[in-house]
Amino acid sequence: MKKLNASETKELLAILEDRFDKNKHRHESIKWNAIRKKLEENPSLLFSVSEMEGTEGEPDVVVFGGKSGKPFYVDCSPETPKGRRSLCYDRKALDARKENKPKSSATDEAKAMGIQILNEEQYRHLQTFGPLDTKTSSWLLTPESIRSLGGAIFGDYRYGQVFIYHNGADSYYGVRGFRGMVAI
């Protein structure tokens with residue numbers, strides 16, 4: 001796992017603190033100093049958040065599970081991260097494509113970054129902070145009952161509401177990527 005040097009760490013922490021302060025509605029009961037300490041103590045967490053930032057995910061702290069829930073760094077960019085688009089869903093779908101293969105899959109990229117793809121419930125919760133994916137869409141963690149039949153699910157925001165759709169897992173589009181998260 002790559003480690004950030006002191007300069008990279010300082011720069012990333014400044015970006016994250018600024019975003020944290022500007023978006024308190026995503027994490028009302030959490031203090032920045034506690035998050036900073038966790039980041040500084042955990043190089044693999046810091047690396048994953050750096051990867052999220054580097055692919056334009058604009059990671060910020062979000063709490064899943066109500067006020068007593070656990071905080072995560074989550075991609076909060078207005079559209080699905082630019083550096084993670086044009087990907088099919090998973091390795092099985094990528095290997096099954098005979099022609100016009102995308103460069104990778106969402107699950108492979110998430111694993112390499114040390115993050116998890118959001119599931120439908122987490123995606124819907126993230127959308128409560130303001131509409132996301134109004135021009136793009138994001139692959140979501142797909143239940144095995146759907147994936148075993150060759151499909152995968154994705155979400156977006158249109159016409160004032162969140163939509164969850166399905167597609168062949170081997171499909172890929174220039175405006176579809178994935179949003180991820182990592183536990184703090």
# chains A, B, ... in the order shown; residues from 1 in each chain; ligands from 1

call {"tool": "closest_atom_pairs", "arguments": {"of": "segment 71-132 of chain A", "to": "segment 23-43 of chain A", "cutoff": "9 Å", "atoms": "only C-alpha atoms", "output": "Markdown table"}}
result
| residue | atom | partner | partner_atom | distance |
| --- | --- | --- | --- | --- |
| A:Pro71 | CA | A:His27 | CA | 7.9 |
| A:Leu126 | CA | A:Arg26 | CA | 8.7 |
| A:Phe129 | CA | A:Arg26 | CA | 6.9 |

call {"tool": "residues_around", "arguments": {"residues": "Tyr165 of chain A", "least_positions_apart": "5", "cutoff": "10 Å", "atoms": "only C-alpha atoms", "output": "NGL selection string"}}
result
:A and (137 or 139-140 or 152-156)

call {"tool": "select_by_dssp", "arguments": {"residues": "segment 122-155 of chain A", "states": "strand (DSSP E or B)", "output": "ChimeraX atom specification"}}
result
/A:137-140,151-155

call {"tool": "residues_around", "arguments": {"residues": "segment 102-119 of chain A", "least_positions_apart": "6", "cutoff": "10 Å", "atoms": "only C-alpha atoms", "output": "mmCIF file with all heavy atoms, in the first residue's frame"}}
result
data_model
loop_
_atom_site.group_PDB
_atom_site.id
_atom_site.type_symbol
_atom_site.label_atom_id
_atom_site.label_comp_id
_atom_site.auth_asym_id
_atom_site.auth_seq_id
_atom_site.Cartn_x
_atom_site.Cartn_y
_atom_site.Cartn_z
ATOM 1 N N MET A 1 0.849 -1.179 0.000
ATOM 2 C CA MET A 1 0.000 0.000 0.000
ATOM 3 C C MET A 1 0.891 1.237 0.000
ATOM 4 O O MET A 1 1.817 1.354 0.785
ATOM 5 C CB MET A 1 -0.905 -0.037 1.238
ATOM 6 C CG MET A 1 -1.726 1.195 1.466
ATOM 7 S SD MET A 1 -3.418 1.282 0.874
ATOM 8 C CE MET A 1 -4.043 -0.341 0.916
ATOM 9 N N SER A 44 -3.301 3.519 5.811
ATOM 10 C CA SER A 44 -4.115 2.915 4.752
ATOM 11 C C SER A 44 -5.418 3.693 4.554
ATOM 12 O O SER A 44 -5.882 3.846 3.423
ATOM 13 C CB SER A 44 -4.400 1.440 5.027
ATOM 14 O OG SER A 44 -5.157 1.280 6.204
ATOM 15 N N LEU A 45 -5.995 4.224 5.623
ATOM 16 C CA LEU A 45 -7.179 5.082 5.510
ATOM 17 C C LEU A 45 -6.821 6.358 4.762
ATOM 18 O O LEU A 45 -7.536 6.771 3.840
ATOM 19 C CB LEU A 45 -7.742 5.415 6.896
ATOM 20 C CG LEU A 45 -8.852 6.463 6.954
ATOM 21 C CD1 LEU A 45 -10.081 6.030 6.158
ATOM 22 C CD2 LEU A 45 -9.230 6.744 8.412
ATOM 23 N N PHE A 47 -4.419 6.808 2.655
ATOM 24 C CA PHE A 47 -4.187 6.462 1.259
ATOM 25 C C PHE A 47 -5.508 6.332 0.502
ATOM 26 O O PHE A 47 -5.662 6.882 -0.596
ATOM 27 C CB PHE A 47 -3.397 5.155 1.135
ATOM 28 C CG PHE A 47 -3.316 4.647 -0.277
ATOM 29 C CD1 PHE A 47 -2.427 5.205 -1.175
ATOM 30 C CD2 PHE A 47 -4.156 3.636 -0.707
ATOM 31 C CE1 PHE A 47 -2.363 4.748 -2.490
ATOM 32 C CE2 PHE A 47 -4.109 3.183 -2.023
ATOM 33 C CZ PHE A 47 -3.210 3.735 -2.917
ATOM 34 N N SER A 48 -6.469 5.622 1.071
ATOM 35 C CA SER A 48 -7.759 5.426 0.404
ATOM 36 C C SER A 48 -8.468 6.756 0.173
ATOM 37 O O SER A 48 -9.009 7.004 -0.909
ATOM 38 C CB SER A 48 -8.654 4.479 1.215
ATOM 39 O OG SER A 48 -8.111 3.183 1.217
ATOM 40 N N VAL A 49 -8.463 7.613 1.171
ATOM 41 C CA VAL A 49 -9.103 8.924 1.032
ATOM 42 C C VAL A 49 -8.360 9.752 -0.019
ATOM 43 O O VAL A 49 -8.981 10.465 -0.818
ATOM 44 C CB VAL A 49 -9.194 9.647 2.393
ATOM 45 C CG1 VAL A 49 -9.741 11.057 2.235
ATOM 46 C CG2 VAL A 49 -10.071 8.852 3.353
ATOM 47 N N SER A 50 -7.050 9.616 -0.077
ATOM 48 C CA SER A 50 -6.263 10.301 -1.100
ATOM 49 C C SER A 50 -6.649 9.815 -2.498
ATOM 50 O O SER A 50 -6.755 10.609 -3.439
ATOM 51 C CB SER A 50 -4.768 10.070 -0.858
ATOM 52 O OG SER A 50 -4.001 10.598 -1.909
ATOM 53 N N GLU A 51 -6.843 8.533 -2.651
ATOM 54 C CA GLU A 51 -7.275 7.972 -3.931
ATOM 55 C C GLU A 51 -8.661 8.499 -4.314
ATOM 56 O O GLU A 51 -8.912 8.810 -5.476
ATOM 57 C CB GLU A 51 -7.304 6.439 -3.865
ATOM 58 C CG GLU A 51 -5.942 5.808 -3.761
ATOM 59 C CD GLU A 51 -5.153 5.950 -5.044
ATOM 60 O OE1 GLU A 51 -5.497 5.292 -6.044
ATOM 61 O OE2 GLU A 51 -4.180 6.733 -5.058
ATOM 62 N N MET A 52 -9.548 8.611 -3.339
ATOM 63 C CA MET A 52 -10.884 9.164 -3.594
ATOM 64 C C MET A 52 -10.760 10.610 -4.079
ATOM 65 O O MET A 52 -11.411 11.013 -5.045
ATOM 66 C CB MET A 52 -11.742 9.081 -2.335
ATOM 67 C CG MET A 52 -12.067 7.658 -1.907
ATOM 68 S SD MET A 52 -12.782 7.549 -0.249
ATOM 69 C CE MET A 52 -14.487 7.993 -0.604
ATOM 70 N N TYR A 73 -15.737 8.050 5.240
ATOM 71 C CA TYR A 73 -15.424 8.984 4.169
ATOM 72 C C TYR A 73 -16.175 8.471 2.958
ATOM 73 O O TYR A 73 -16.072 7.290 2.612
ATOM 74 C CB TYR A 73 -13.912 9.073 3.896
ATOM 75 C CG TYR A 73 -13.325 10.286 4.548
ATOM 76 C CD1 TYR A 73 -12.625 10.193 5.730
ATOM 77 C CD2 TYR A 73 -13.537 11.552 3.987
ATOM 78 C CE1 TYR A 73 -12.133 11.329 6.351
ATOM 79 C CE2 TYR A 73 -13.045 12.692 4.613
ATOM 80 C CZ TYR A 73 -12.354 12.569 5.785
ATOM 81 O OH TYR A 73 -11.884 13.696 6.391
ATOM 82 N N VAL A 74 -16.948 9.363 2.315
ATOM 83 C CA VAL A 74 -17.811 8.997 1.195
ATOM 84 C C VAL A 74 -17.599 9.995 0.065
ATOM 85 O O VAL A 74 -17.413 11.197 0.306
ATOM 86 C CB VAL A 74 -19.302 9.010 1.631
ATOM 87 C CG1 VAL A 74 -20.207 8.618 0.482
ATOM 88 C CG2 VAL A 74 -19.530 8.095 2.829
ATOM 89 N N ASP A 75 -17.673 9.521 -1.166
ATOM 90 C CA ASP A 75 -17.601 10.405 -2.331
ATOM 91 C C ASP A 75 -18.824 11.308 -2.350
ATOM 92 O O ASP A 75 -19.951 10.828 -2.458
ATOM 93 C CB ASP A 75 -17.565 9.594 -3.629
ATOM 94 C CG ASP A 75 -16.274 8.838 -3.822
ATOM 95 O OD1 ASP A 75 -15.209 9.471 -3.724
ATOM 96 O OD2 ASP A 75 -16.328 7.622 -4.090
ATOM 97 N N ARG A 84 -13.377 7.790 -12.349
ATOM 98 C CA ARG A 84 -13.879 6.427 -12.162
ATOM 99 C C ARG A 84 -15.087 6.146 -13.047
ATOM 100 O O ARG A 84 -16.049 5.521 -12.622
ATOM 101 C CB ARG A 84 -14.266 6.208 -10.706
ATOM 102 C CG ARG A 84 -13.076 6.195 -9.797
ATOM 103 C CD ARG A 84 -13.490 5.847 -8.402
ATOM 104 N NE ARG A 84 -13.277 7.034 -7.572
ATOM 105 C CZ ARG A 84 -13.985 7.319 -6.517
ATOM 106 N NH1 ARG A 84 -14.969 6.569 -6.144
ATOM 107 N NH2 ARG A 84 -13.711 8.392 -5.817
ATOM 108 N N ARG A 85 -15.041 6.605 -14.265
ATOM 109 C CA ARG A 85 -16.157 6.388 -15.195
ATOM 110 C C ARG A 85 -15.752 5.427 -16.313
ATOM 111 O O ARG A 85 -14.593 5.084 -16.444
ATOM 112 C CB ARG A 85 -16.614 7.716 -15.793
ATOM 113 C CG ARG A 85 -17.170 8.669 -14.770
ATOM 114 C CD ARG A 85 -17.653 9.947 -15.427
ATOM 115 N NE ARG A 85 -18.017 10.942 -14.409
ATOM 116 C CZ ARG A 85 -18.324 12.187 -14.685
ATOM 117 N NH1 ARG A 85 -18.330 12.610 -15.938
ATOM 118 N NH2 ARG A 85 -18.631 13.022 -13.723
ATOM 119 N N SER A 86 -16.748 5.025 -17.083
ATOM 120 C CA SER A 86 -16.541 4.099 -18.218
ATOM 121 C C SER A 86 -16.016 2.751 -17.742
ATOM 122 O O SER A 86 -15.093 2.182 -18.321
ATOM 123 C CB SER A 86 -15.602 4.699 -19.275
ATOM 124 O OG SER A 86 -16.181 5.842 -19.854
ATOM 125 N N LEU A 87 -16.624 2.241 -16.690
ATOM 126 C CA LEU A 87 -16.250 0.958 -16.114
ATOM 127 C C LEU A 87 -17.456 0.029 -16.115
ATOM 128 O O LEU A 87 -18.572 0.465 -15.815
ATOM 129 C CB LEU A 87 -15.793 1.137 -14.659
ATOM 130 C CG LEU A 87 -14.658 2.111 -14.399
ATOM 131 C CD1 LEU A 87 -14.530 2.393 -12.909
ATOM 132 C CD2 LEU A 87 -13.359 1.569 -14.964
ATOM 133 N N CYS A 88 -17.251 -1.252 -16.426
ATOM 134 C CA CYS A 88 -18.338 -2.202 -16.226
ATOM 135 C C CYS A 88 -18.417 -2.505 -14.722
ATOM 136 O O CYS A 88 -17.649 -1.959 -13.934
ATOM 137 C CB CYS A 88 -18.139 -3.462 -17.060
ATOM 138 S SG CYS A 88 -16.671 -4.418 -16.659
ATOM 139 N N TYR A 89 -19.330 -3.368 -14.315
ATOM 140 C CA TYR A 89 -19.567 -3.549 -12.886
ATOM 141 C C TYR A 89 -18.453 -4.319 -12.171
ATOM 142 O O TYR A 89 -17.921 -3.861 -11.176
ATOM 143 C CB TYR A 89 -20.918 -4.232 -12.641
ATOM 144 C CG TYR A 89 -21.178 -4.458 -11.174
ATOM 145 C CD1 TYR A 89 -21.429 -3.392 -10.321
ATOM 146 C CD2 TYR A 89 -21.127 -5.740 -10.629
ATOM 147 C CE1 TYR A 89 -21.630 -3.587 -8.960
ATOM 148 C CE2 TYR A 89 -21.332 -5.934 -9.275
ATOM 149 C CZ TYR A 89 -21.577 -4.858 -8.448
ATOM 150 O OH TYR A 89 -21.767 -5.054 -7.108
ATOM 151 N N ASP A 90 -18.115 -5.529 -12.660
ATOM 152 C CA ASP A 90 -17.133 -6.344 -11.929
ATOM 153 C C ASP A 90 -16.228 -7.125 -12.879
ATOM 154 O O ASP A 90 -16.358 -7.052 -14.100
ATOM 155 C CB ASP A 90 -17.826 -7.269 -10.922
ATOM 156 C CG ASP A 90 -18.785 -8.275 -11.556
ATOM 157 O OD1 ASP A 90 -18.810 -8.412 -12.801
ATOM 158 O OD2 ASP A 90 -19.524 -8.929 -10.793
ATOM 159 N N ARG A 91 -15.284 -7.849 -12.297
ATOM 160 C CA ARG A 91 -14.297 -8.610 -13.070
ATOM 161 C C ARG A 91 -14.972 -9.668 -13.943
ATOM 162 O O ARG A 91 -14.588 -9.883 -15.091
ATOM 163 C CB ARG A 91 -13.287 -9.265 -12.106
ATOM 164 C CG ARG A 91 -12.325 -10.247 -12.743
ATOM 165 C CD ARG A 91 -11.472 -9.710 -13.840
ATOM 166 N NE ARG A 91 -10.708 -8.557 -13.424
ATOM 167 C CZ ARG A 91 -9.850 -7.922 -14.209
ATOM 168 N NH1 ARG A 91 -9.634 -8.327 -15.438
ATOM 169 N NH2 ARG A 91 -9.200 -6.872 -13.774
ATOM 170 N N LYS A 92 -15.989 -10.329 -13.423
ATOM 171 C CA LYS A 92 -16.703 -11.352 -14.196
ATOM 172 C C LYS A 92 -17.293 -10.737 -15.470
ATOM 173 O O LYS A 92 -17.188 -11.310 -16.553
ATOM 174 C CB LYS A 92 -17.804 -11.982 -13.336
ATOM 175 C CG LYS A 92 -18.591 -13.066 -14.016
ATOM 176 C CD LYS A 92 -19.637 -13.641 -13.063
ATOM 177 C CE LYS A 92 -20.512 -14.663 -13.760
ATOM 178 N NZ LYS A 92 -21.582 -15.154 -12.882
ATOM 179 N N ALA A 93 -17.889 -9.569 -15.345
ATOM 180 C CA ALA A 93 -18.457 -8.875 -16.510
ATOM 181 C C ALA A 93 -17.357 -8.432 -17.469
ATOM 182 O O ALA A 93 -17.502 -8.554 -18.689
ATOM 183 C CB ALA A 93 -19.279 -7.677 -16.053
ATOM 184 N N LEU A 94 -16.252 -7.940 -16.937
ATOM 185 C CA LEU A 94 -15.132 -7.505 -17.771
ATOM 186 C C LEU A 94 -14.562 -8.683 -18.558
ATOM 187 O O LEU A 94 -14.331 -8.587 -19.765
ATOM 188 C CB LEU A 94 -14.047 -6.868 -16.899
ATOM 189 C CG LEU A 94 -12.820 -6.310 -17.611
ATOM 190 C CD1 LEU A 94 -13.198 -5.160 -18.535
ATOM 191 C CD2 LEU A 94 -11.789 -5.846 -16.583
ATOM 192 N N ASP A 95 -14.361 -9.807 -17.887
ATOM 193 C CA ASP A 95 -13.811 -10.989 -18.548
ATOM 194 C C ASP A 95 -14.766 -11.555 -19.599
ATOM 195 O O ASP A 95 -14.333 -12.148 -20.587
ATOM 196 C CB ASP A 95 -13.473 -12.066 -17.521
ATOM 197 C CG ASP A 95 -12.282 -11.699 -16.651
ATOM 198 O OD1 ASP A 95 -11.524 -10.757 -17.019
ATOM 199 O OD2 ASP A 95 -12.112 -12.340 -15.590
ATOM 200 N N LEU A 126 -27.118 9.259 1.087
ATOM 201 C CA LEU A 126 -26.229 10.300 0.582
ATOM 202 C C LEU A 126 -27.020 11.348 -0.207
ATOM 203 O O LEU A 126 -26.749 12.541 -0.107
ATOM 204 C CB LEU A 126 -25.136 9.680 -0.295
ATOM 205 C CG LEU A 126 -24.046 10.624 -0.790
ATOM 206 C CD1 LEU A 126 -23.277 11.244 0.381
ATOM 207 C CD2 LEU A 126 -23.102 9.873 -1.719
ATOM 208 N N SER A 138 -24.258 6.139 -10.989
ATOM 209 C CA SER A 138 -23.243 5.427 -10.209
ATOM 210 C C SER A 138 -23.648 3.971 -10.000
ATOM 211 O O SER A 138 -24.766 3.693 -9.557
ATOM 212 C CB SER A 138 -23.065 6.089 -8.840
ATOM 213 O OG SER A 138 -22.531 7.383 -8.960
ATOM 214 N N TRP A 139 -22.713 3.062 -10.340
ATOM 215 C CA TRP A 139 -22.935 1.649 -10.018
ATOM 216 C C TRP A 139 -23.123 1.524 -8.508
ATOM 217 O O TRP A 139 -22.465 2.232 -7.738
ATOM 218 C CB TRP A 139 -21.732 0.800 -10.412
ATOM 219 C CG TRP A 139 -21.548 0.515 -11.865
ATOM 220 C CD1 TRP A 139 -20.494 0.905 -12.636
ATOM 221 C CD2 TRP A 139 -22.391 -0.249 -12.725
ATOM 222 N NE1 TRP A 139 -20.639 0.440 -13.912
ATOM 223 C CE2 TRP A 139 -21.798 -0.282 -13.998
ATOM 224 C CE3 TRP A 139 -23.605 -0.911 -12.550
ATOM 225 C CZ2 TRP A 139 -22.370 -0.947 -15.086
ATOM 226 C CZ3 TRP A 139 -24.184 -1.568 -13.623
ATOM 227 C CH2 TRP A 139 -23.570 -1.585 -14.871
ATOM 228 N N LEU A 140 -23.983 0.607 -8.087
ATOM 229 C CA LEU A 140 -24.220 0.332 -6.673
ATOM 230 C C LEU A 140 -23.924 -1.132 -6.388
ATOM 231 O O LEU A 140 -24.041 -1.985 -7.280
ATOM 232 C CB LEU A 140 -25.670 0.650 -6.304
ATOM 233 C CG LEU A 140 -26.113 2.089 -6.557
ATOM 234 C CD1 LEU A 140 -27.598 2.249 -6.265
ATOM 235 C CD2 LEU A 140 -25.287 3.059 -5.728
ATOM 236 N N LEU A 141 -23.574 -1.419 -5.146
ATOM 237 C CA LEU A 141 -23.333 -2.797 -4.737
ATOM 238 C C LEU A 141 -24.594 -3.596 -5.053
ATOM 239 O O LEU A 141 -25.687 -3.257 -4.602
ATOM 240 C CB LEU A 141 -23.001 -2.849 -3.247
ATOM 241 C CG LEU A 141 -22.479 -4.167 -2.730
ATOM 242 C CD1 LEU A 141 -21.171 -4.546 -3.419
ATOM 243 C CD2 LEU A 141 -22.260 -4.077 -1.232
ATOM 244 N N THR A 142 -24.444 -4.611 -5.859
ATOM 245 C CA THR A 142 -25.585 -5.345 -6.403
ATOM 246 C C THR A 142 -25.825 -6.638 -5.635
ATOM 247 O O THR A 142 -24.888 -7.411 -5.419
ATOM 248 C CB THR A 142 -25.333 -5.647 -7.898
ATOM 249 O OG1 THR A 142 -25.194 -4.401 -8.588
ATOM 250 C CG2 THR A 142 -26.458 -6.442 -8.505
ATOM 251 N N PRO A 143 -27.081 -6.880 -5.243
ATOM 252 C CA PRO A 143 -27.396 -8.157 -4.577
ATOM 253 C C PRO A 143 -27.068 -9.339 -5.493
ATOM 254 O O PRO A 143 -27.238 -9.259 -6.721
ATOM 255 C CB PRO A 143 -28.906 -8.063 -4.334
ATOM 256 C CG PRO A 143 -29.221 -6.606 -4.370
ATOM 257 C CD PRO A 143 -28.246 -6.007 -5.344
ATOM 258 N N ILE A 153 -27.010 -3.083 -10.548
ATOM 259 C CA ILE A 153 -27.860 -1.910 -10.345
ATOM 260 C C ILE A 153 -27.021 -0.637 -10.283
ATOM 261 O O ILE A 153 -25.832 -0.668 -9.973
ATOM 262 C CB ILE A 153 -28.742 -2.033 -9.084
ATOM 263 C CG1 ILE A 153 -27.909 -2.160 -7.815
ATOM 264 C CG2 ILE A 153 -29.708 -3.214 -9.226
ATOM 265 C CD1 ILE A 153 -28.717 -2.116 -6.516
ATOM 266 N N PHE A 154 -27.669 0.466 -10.617
ATOM 267 C CA PHE A 154 -27.043 1.774 -10.526
ATOM 268 C C PHE A 154 -28.111 2.793 -10.156
ATOM 269 O O PHE A 154 -29.300 2.525 -10.264
ATOM 270 C CB PHE A 154 -26.339 2.157 -11.839
ATOM 271 C CG PHE A 154 -27.258 2.336 -13.008
ATOM 272 C CD1 PHE A 154 -27.758 3.596 -13.334
ATOM 273 C CD2 PHE A 154 -27.628 1.254 -13.798
ATOM 274 C CE1 PHE A 154 -28.604 3.772 -14.416
ATOM 275 C CE2 PHE A 154 -28.469 1.420 -14.892
ATOM 276 C CZ PHE A 154 -28.957 2.686 -15.198
ATOM 277 N N GLY A 155 -27.654 3.952 -9.686
ATOM 278 C CA GLY A 155 -28.586 4.995 -9.288
ATOM 279 C C GLY A 155 -28.240 6.330 -9.893
ATOM 280 O O GLY A 155 -27.104 6.569 -10.313
ATOM 281 N N ALA A 169 -24.354 -6.198 -16.328
ATOM 282 C CA ALA A 169 -23.137 -5.866 -15.567
ATOM 283 C C ALA A 169 -21.955 -5.574 -16.478
ATOM 284 O O ALA A 169 -21.015 -4.896 -16.075
ATOM 285 C CB ALA A 169 -22.788 -7.005 -14.617
ATOM 286 N N ASP A 170 -22.021 -6.049 -17.725
ATOM 287 C CA ASP A 170 -20.909 -5.822 -18.654
ATOM 288 C C ASP A 170 -21.028 -4.491 -19.397
ATOM 289 O O ASP A 170 -20.129 -4.114 -20.140
ATOM 290 C CB ASP A 170 -20.775 -6.980 -19.638
ATOM 291 C CG ASP A 170 -21.982 -7.116 -20.551
ATOM 292 O OD1 ASP A 170 -23.057 -6.556 -20.248
ATOM 293 O OD2 ASP A 170 -21.855 -7.801 -21.582
ATOM 294 N N SER A 171 -22.112 -3.759 -19.186
ATOM 295 C CA SER A 171 -22.275 -2.475 -19.867
ATOM 296 C C SER A 171 -21.385 -1.416 -19.221
ATOM 297 O O SER A 171 -21.000 -1.531 -18.061
ATOM 298 C CB SER A 171 -23.737 -2.027 -19.841
ATOM 299 O OG SER A 171 -24.147 -1.765 -18.514
ATOM 300 N N TYR A 172 -21.063 -0.407 -19.996
ATOM 301 C CA TYR A 172 -20.323 0.731 -19.453
ATOM 302 C C TYR A 172 -20.627 1.956 -20.289
ATOM 303 O O TYR A 172 -20.889 1.851 -21.489
ATOM 304 C CB TYR A 172 -18.819 0.459 -19.365
ATOM 305 C CG TYR A 172 -18.112 0.287 -20.690
ATOM 306 C CD1 TYR A 172 -17.410 1.349 -21.254
ATOM 307 C CD2 TYR A 172 -18.129 -0.921 -21.364
ATOM 308 C CE1 TYR A 172 -16.745 1.203 -22.458
ATOM 309 C CE2 TYR A 172 -17.475 -1.079 -22.566
ATOM 310 C CZ TYR A 172 -16.783 -0.014 -23.108
ATOM 311 O OH TYR A 172 -16.130 -0.162 -24.303
ATOM 312 N N TYR A 173 -20.641 3.093 -19.635
ATOM 313 C CA TYR A 173 -20.990 4.355 -20.276
ATOM 314 C C TYR A 173 -20.055 5.438 -19.781
ATOM 315 O O TYR A 173 -19.581 5.393 -18.649
ATOM 316 C CB TYR A 173 -22.444 4.746 -19.953
ATOM 317 C CG TYR A 173 -23.431 3.701 -20.384
ATOM 318 C CD1 TYR A 173 -23.862 2.714 -19.499
ATOM 319 C CD2 TYR A 173 -23.913 3.666 -21.695
ATOM 320 C CE1 TYR A 173 -24.757 1.733 -19.898
ATOM 321 C CE2 TYR A 173 -24.802 2.695 -22.098
ATOM 322 C CZ TYR A 173 -25.223 1.732 -21.202
ATOM 323 O OH TYR A 173 -26.092 0.760 -21.610
ATOM 324 N N ARG A 176 -21.200 6.853 -16.448
ATOM 325 C CA ARG A 176 -21.453 5.991 -15.293
ATOM 326 C C ARG A 176 -20.139 5.587 -14.658
ATOM 327 O O ARG A 176 -19.232 5.093 -15.302
ATOM 328 C CB ARG A 176 -22.213 4.727 -15.674
ATOM 329 C CG ARG A 176 -22.486 3.872 -14.415
ATOM 330 C CD ARG A 176 -23.465 2.752 -14.619
ATOM 331 N NE ARG A 176 -24.673 3.249 -15.239
ATOM 332 C CZ ARG A 176 -25.366 2.553 -16.135
ATOM 333 N NH1 ARG A 176 -24.995 1.342 -16.489
ATOM 334 N NH2 ARG A 176 -26.457 3.068 -16.668
ATOM 335 N N GLY A 177 -20.075 5.812 -13.349
ATOM 336 C CA GLY A 177 -18.916 5.409 -12.563
ATOM 337 C C GLY A 177 -19.385 4.744 -11.293
ATOM 338 O O GLY A 177 -20.378 4.014 -11.294
ATOM 339 N N PHE A 178 -18.686 5.020 -10.205
ATOM 340 C CA PHE A 178 -19.150 4.495 -8.914
ATOM 341 C C PHE A 178 -18.723 5.432 -7.806
ATOM 342 O O PHE A 178 -17.754 6.167 -7.916
ATOM 343 C CB PHE A 178 -18.620 3.079 -8.660
ATOM 344 C CG PHE A 178 -17.146 2.999 -8.354
ATOM 345 C CD1 PHE A 178 -16.691 2.999 -7.039
ATOM 346 C CD2 PHE A 178 -16.214 2.901 -9.378
ATOM 347 C CE1 PHE A 178 -15.330 2.928 -6.754
ATOM 348 C CE2 PHE A 178 -14.864 2.820 -9.102
ATOM 349 C CZ PHE A 178 -14.417 2.830 -7.799
ATOM 350 N N ARG A 179 -19.508 5.414 -6.753
ATOM 351 C CA ARG A 179 -19.202 6.160 -5.530
ATOM 352 C C ARG A 179 -18.775 5.136 -4.486
ATOM 353 O O ARG A 179 -19.326 4.058 -4.399
ATOM 354 C CB ARG A 179 -20.433 6.912 -5.031
ATOM 355 C CG ARG A 179 -20.818 8.053 -5.931
ATOM 356 C CD ARG A 179 -22.077 8.761 -5.441
ATOM 357 N NE ARG A 179 -22.405 9.822 -6.373
ATOM 358 C CZ ARG A 179 -21.877 11.032 -6.341
ATOM 359 N NH1 ARG A 179 -20.999 11.347 -5.402
ATOM 360 N NH2 ARG A 179 -22.219 11.951 -7.228
ATOM 361 N N GLY A 180 -17.796 5.539 -3.680
ATOM 362 C CA GLY A 180 -17.290 4.617 -2.685
ATOM 363 C C GLY A 180 -17.252 5.230 -1.302
ATOM 364 O O GLY A 180 -17.550 6.419 -1.103
ATOM 365 N N MET A 181 -16.873 4.387 -0.359
ATOM 366 C CA MET A 181 -16.757 4.819 1.036
ATOM 367 C C MET A 181 -15.696 3.970 1.718
ATOM 368 O O MET A 181 -15.378 2.879 1.281
ATOM 369 C CB MET A 181 -18.087 4.672 1.756
ATOM 370 C CG MET A 181 -18.552 3.249 1.885
ATOM 371 S SD MET A 181 -20.114 3.177 2.747
ATOM 372 C CE MET A 181 -20.073 1.471 3.284
ATOM 373 N N VAL A 182 -15.185 4.533 2.814
ATOM 374 C CA VAL A 182 -14.234 3.806 3.639
ATOM 375 C C VAL A 182 -14.521 4.175 5.092
ATOM 376 O O VAL A 182 -14.766 5.343 5.422
ATOM 377 C CB VAL A 182 -12.768 4.098 3.227
ATOM 378 C CG1 VAL A 182 -12.417 5.562 3.391
ATOM 379 C CG2 VAL A 182 -11.792 3.215 3.979
ATOM 380 N N ALA A 183 -14.541 3.187 5.959
ATOM 381 C CA ALA A 183 -14.820 3.414 7.373
ATOM 382 C C ALA A 183 -13.690 4.199 8.011
ATOM 383 O O ALA A 183 -12.518 4.014 7.682
ATOM 384 C CB ALA A 183 -14.998 2.088 8.107
#

call {"tool": "select_by_dssp", "arguments": {"residues": "chain A", "states": "helix (DSSP H, G or I)", "output": "NGL selection string"}}
result
:A and (6-22 or 24-26 or 32-41 or 43-54 or 82-84 or 91-96 or 106-113 or 120-127 or 144-147)

call {"tool": "closest_residue", "arguments": {"among": "A:Val162, A:Asp21, A:Val175, A:Glu99", "to": "Arg124 of chain A", "atoms": "only C-alpha atoms"}}
result
A:Val162

call {"tool": "closest_residue", "arguments": {"among": "A:Asp60, A:His125, A:Ala96, A:Lys135", "to": "Gly168 of chain A", "atoms": "only C-alpha atoms"}}
result
A:Ala96

call {"tool": "residues_around", "arguments": {"residues": "Pro78 of chain A", "least_positions_apart": "5", "cutoff": "8 Å", "atoms": "only C-alpha atoms", "output": "PyMOL selection string"}}
result
chain A and resi 131-134

call {"tool": "write_last_selection", "arguments": {"atoms": "C-alpha atoms", "output": "PDB file, in the first residue's frame"}}
result
ATOM      1  CA  PRO A 131     -29.120  15.939  -5.395  1.00  0.00           C
ATOM      2  CA  LEU A 132     -26.140  14.038  -6.799  1.00  0.00           C
ATOM      3  CA  ASP A 133     -25.726  12.379 -10.186  1.00  0.00           C
ATOM      4  CA  THR A 134     -28.135  14.684 -12.012  1.00  0.00           C
TER       5      THR A 134
END
